[in-house]
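The block underneath contains the structure these notes are about, expressed in structure tokens.
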Amino acid sequence: MQDLNTPQREAVKHLGSPLLVLAGAGSGKTRVITRKIAYLIEQCDMMPRNIAAVTFTNKAAREMKSRVAELMNQRGSNSRGLLVSTFHNLGLTILRRDFALLGYRPGFSIFDAQDSLAVLRDIMGQDFAADSDHASRCQWQISEWKNDLKLPDQAASQAEDADQVAAAAVYVEYEKALLAYNAVDFDDLITKPVMLFQQHEKVLSYWQNRIRYLLVDEYQDTNGSQYALVTLLVGKRGALTVVGDDDQSVYSWRGARPENLLQLQADYTDLKVVKLEQNYRSVSRILRAANALISHNPHIFEKKLWSDMGEGDPIRVIGCRNEDHEAEKVVTELLFHKMKRPTEYKDYAILYRGNHQSRPIERILREMDVPYFITGGQSFFARSEIKDIMAYLRLVANQDDDNAFLRVINTPRRGIGPKTLQILGNYAGEREISLFSACFEMGLTTQLSTAVKTKVIEFSHWLVDIADRVARTGDLVDTLRDMIEEINYRGWLEEVTGDPMQAERRMENITELLAWVERLLKREEGDMKEIGDIAARLTLMDIMERQAEENQDDAVSLMTLHAAKGLEFPHVFIMGMEEEILPHKTSIEEENVEEERRLAYVGVTRAQRSLTFMMAKSRKRYGEKVSCEPSRFLMEMPEQDLAWETEKTPVDPVKRKERGNMHLSKIREMLK
DNA sequence: CATCGTATAGTTTTT
DNA sequence: CTATACGATG
């Protein structure tokens with residue numbers, strides 16, 4: 001306890017009632033959560049298995065788990081059985097125990113956004129104008145309804161316009177389809193457990209008994225259904241600590257409700273509020289700028305960050321001609337800075353509002369041989385080879401998973417094309433059976449040639465055999481390996497990519513996937529043996545991110561401001577500090593500049609020692625040049641803390657180019 | 001079935 | 001401008 005400050009200690013020790021910890025950026029919120037867990041176990045004699053800590057990201061969960069384990073190990077106690085997971089993983093755990101009560105069958109699949117969009121397109125194909133945008137709007141709408149715990153009939157009766165009426169009709173069909181496929185989507189991982197709790201007293205009391213203390217991280221990001229899950233789990237006991245910062249709420253467009261912080265006060269009249277205002281991350285100047293910036297937003301809970309980490313250098317504002325110049329400049333500034341100081345690449349982050357802004361920066365970084373790593377690209381599970389093998393895994397676990405079936409059936413090529421699938425689909429549709437089941441009955445149809453029938457039937461029997469082998473040998477990984485061999489997946493990859501090297505890389509990803517299957521099988525929770533559980537857990541994991549992190553030991557970080565939340569870097573550059581970019585155009589139009597301000601605040605508070613804003617005078621927007629104005633946020637920070645470095649006189653473009661190149665080659669030389 | 005060409009639409013996206 | 005998705009064509 002000695003290394004905690006007074007409010008931190010208060011937060012750790014408070015137990016009598018629900019606790020809200022308003023933790024400013026860099027104020028040690030993770031430390032409070034980990035200490036509190038240790039405190040509960042060591043001082044209050046709670047069993048680790050009766051404590052749950054919930055986060056939003058896998059990364060946060062991983063970090064928390066390891067920090068608790070480390071802390072406890074130091075003192076010779078241990079945290080075995082402690083439940084640290086994401087909301088979605090917790091939902092899956094709850095669902096896995098009692099899925100049957102909701103009508104699901106063993107081995108149910110989890111549909112990712114792509115899967116569910118495919119289902120929606122399928123549904124809408126017949127009754128609605130098949131415009132692809134419409135399907136994703138509908139997906140978004142349904143997701144919003146689920147976040148609000150609205151069932152299809154409620155959505156229909158409360159629909160506000162024609163679009164919503166139409167979407168509600170799709171919602172009905174969508175839910176039917178998911179049940180038929182024995183699948184849940186990501187949102188269901190929260191909403192279905194809530195329904196379980198509401199409908200089945202016994203399930204609720206089981207979990208209330210199991211989880212006797214609940215801690216929630218990044219509380220400002222909870223949405224309606226997550227809030228319901230939390231309050232149901234906590235019940236009347238009120239054994240709850242939530243940690244959050246309303247100033248860092250940047251996901252309202254995704255259903256996050258910062259008002260949940262307030263709601264808590266209404267729901268628990270004995271709510272205790274502790275503010276953490278001492279910042280251990282940034283120098284004073286950066287905090288002063290951050291405080292000034294965020295003070296332009298209205299506040300329910302006032303807080304003011306301070307630190308004793310020194311004053312720090314002025315915050316620079318560097319004006320550039322356009323986005324290419326901006327990219328060039330940020331890289332040269334970074335390299336100059338690195339030469340002047342004993343820093344490493346990993347001490348730097350370049351942050352931006354939209355993913356597309358990374359492009360020119362990446363170009364320059366590659367040109368200059370600067371190691372960088374970029375988050376927010378395609379994830380491991382978005383990779384086609386992983387999706388393929390996952391689809392096989394899902395289909396083995398859940399034969400009703402038509403999405404998996406469709407992905408797998410002609411990958412690699414088995415000569416079963418759209419025509420055959422349509423006939424198969426019609427057959428299955430009429431009888432309300434899965435595509436996979438329909439395969440077995442194909443012998444009866446006259447619509448298909450014997451050759452095609454044979455292929456379809458062969459495939460289905462082969463897959464049944466795979467499932468049998470898994471059951472018989474009990475060795476999932478081995479069987480999968482054989483299966484991948486049997487379908488000559490490597491050959492298929494070589495054929496598709498036309499590049500043996502790339503095929504090899506992709507095969508390595510599959511090897512990695514299998515290694516993860518193995519690891520999951522070995523985990524001590526003995527109930528993880530079922531293939532469906534493995535597939536479900538894998539769907540929620542983020543292997544690639546982890547790999548990227550592990551592989552890059554020294555690299556500049558590139559990411560969106562959203563992705564930067566929760567991280568810190570000694571030196572931060574924020575790109576595109578312009579009207580219509582940092583307060584984003586659509587946000588200005590929708591009069592939601594406050595969230596943009598929080599986003600800027602998140603960016604500013606990532607910086608420990610130095611902060612540099614970049615901006616461009618003009619920018620290509622959809623091929624058209626438009627001129628840009630400095631962001632209003634720059635004016636909202638103390639003038640004396642900002643050092644503007646803008647080019648007053650326009651430079652001749654040819655000269656500028658020459659000089660730019662000179663810059664680059666000079667630096668390149670110096671680096672050698 | 002694959003490839004090419006044209007149309008279209010373009011914030012953020014923890015799971 | 002450029003990524004993507006879908007449709008026509010070979």
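So you can find residues: chains in the structure tokens are A, B, ... in the order shown, residues in each start at 1, and ligands are numbered from 1 in order.
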
Do me a favour and pick out the residues of chain B within 9 Å of chain A, using only C-alpha atoms (C1' of nucleotides), as a ChimeraX atom specification.
/B:1,10-15

For N, CA, C and O atoms (P, O5', C5', C4', C3', O3' and C1' of nucleotides), I'd like the residues from the last selection saved as an mmCIF file, in the first residue's frame.
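Contents of result_35.cif, as written:
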data_model
loop_
_atom_site.group_PDB
_atom_site.id
_atom_site.type_symbol
_atom_site.label_atom_id
_atom_site.label_comp_id
_atom_site.auth_asym_id
_atom_site.auth_seq_id
_atom_site.Cartn_x
_atom_site.Cartn_y
_atom_site.Cartn_z
ATOM 1 P P DC B 1 -16.754 -23.678 -59.702
ATOM 2 O "O5'" DC B 1 -15.915 -22.749 -60.670
ATOM 3 C "C5'" DC B 1 -14.866 -23.366 -61.391
ATOM 4 C "C4'" DC B 1 -14.062 -22.302 -62.070
ATOM 5 C "C3'" DC B 1 -13.631 -21.148 -61.157
ATOM 6 O "O3'" DC B 1 -12.227 -21.061 -61.233
ATOM 7 C "C1'" DC B 1 -14.502 -20.341 -63.200
ATOM 8 P P DG B 10 -20.085 5.076 -48.400
ATOM 9 O "O5'" DG B 10 -18.917 5.265 -47.319
ATOM 10 C "C5'" DG B 10 -18.355 6.492 -47.154
ATOM 11 C "C4'" DG B 10 -16.901 6.331 -47.541
ATOM 12 C "C3'" DG B 10 -16.160 7.557 -47.089
ATOM 13 O "O3'" DG B 10 -15.717 7.228 -45.753
ATOM 14 C "C1'" DG B 10 -15.473 6.855 -49.259
ATOM 15 P P DT B 11 -14.669 7.814 -45.151
ATOM 16 O "O5'" DT B 11 -15.424 7.468 -43.848
ATOM 17 C "C5'" DT B 11 -15.426 8.385 -42.835
ATOM 18 C "C4'" DT B 11 -14.141 8.225 -41.960
ATOM 19 C "C3'" DT B 11 -13.913 6.851 -41.362
ATOM 20 O "O3'" DT B 11 -12.562 6.736 -41.045
ATOM 21 C "C1'" DT B 11 -14.658 8.322 -39.726
ATOM 22 P P DT B 12 -12.045 5.266 -40.697
ATOM 23 O "O5'" DT B 12 -12.226 5.280 -39.123
ATOM 24 C "C5'" DT B 12 -11.162 5.711 -38.303
ATOM 25 C "C4'" DT B 12 -11.622 5.725 -36.874
ATOM 26 C "C3'" DT B 12 -12.033 4.355 -36.341
ATOM 27 O "O3'" DT B 12 -10.969 3.824 -35.583
ATOM 28 C "C1'" DT B 12 -13.573 6.069 -35.707
ATOM 29 P P DT B 13 -10.344 2.494 -36.168
ATOM 30 O "O5'" DT B 13 -11.061 1.346 -35.342
ATOM 31 C "C5'" DT B 13 -11.708 1.584 -34.103
ATOM 32 C "C4'" DT B 13 -12.709 0.461 -33.887
ATOM 33 C "C3'" DT B 13 -12.340 -0.813 -34.623
ATOM 34 O "O3'" DT B 13 -12.083 -1.792 -33.629
ATOM 35 C "C1'" DT B 13 -14.618 -0.217 -35.040
ATOM 36 P P DT B 14 -11.287 -3.041 -33.718
ATOM 37 O "O5'" DT B 14 -12.235 -3.970 -32.807
ATOM 38 C "C5'" DT B 14 -12.706 -3.511 -31.578
ATOM 39 C "C4'" DT B 14 -11.650 -3.723 -30.502
ATOM 40 C "C3'" DT B 14 -11.971 -4.880 -29.565
ATOM 41 O "O3'" DT B 14 -10.772 -5.461 -29.112
ATOM 42 C "C1'" DT B 14 -12.097 -2.852 -28.393
ATOM 43 P P DT B 15 -10.389 -6.897 -29.524
ATOM 44 O "O5'" DT B 15 -11.714 -7.757 -29.299
ATOM 45 C "C5'" DT B 15 -12.273 -7.930 -28.009
ATOM 46 C "C4'" DT B 15 -13.696 -8.386 -28.209
ATOM 47 C "C3'" DT B 15 -13.797 -9.647 -29.055
ATOM 48 O "O3'" DT B 15 -13.982 -10.741 -28.158
ATOM 49 C "C1'" DT B 15 -15.402 -8.007 -29.711
#

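The part of chain A that reaches within 9 Å of chain C is made up of Lys620, Arg621, Tyr622, Gly623 and Glu624 of chain A, counting only C-alpha atoms (C1' of nucleotides).
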
Please list as a ChimeraX atom specification every residue within 8 Å of Leu215 of chain A, counting only C-alpha atoms (C1' of nucleotides) and excluding residues in the same chain fewer than 5 positions away.
/A:33,52-54,240-243

Per-residue DSSP, segment 18-169 of chain A, filtered to alpha helix (DSSP H), as a ChimeraX atom specification
/A:29-42,58-74,87-98,113-127,132-147,152-157,162-169
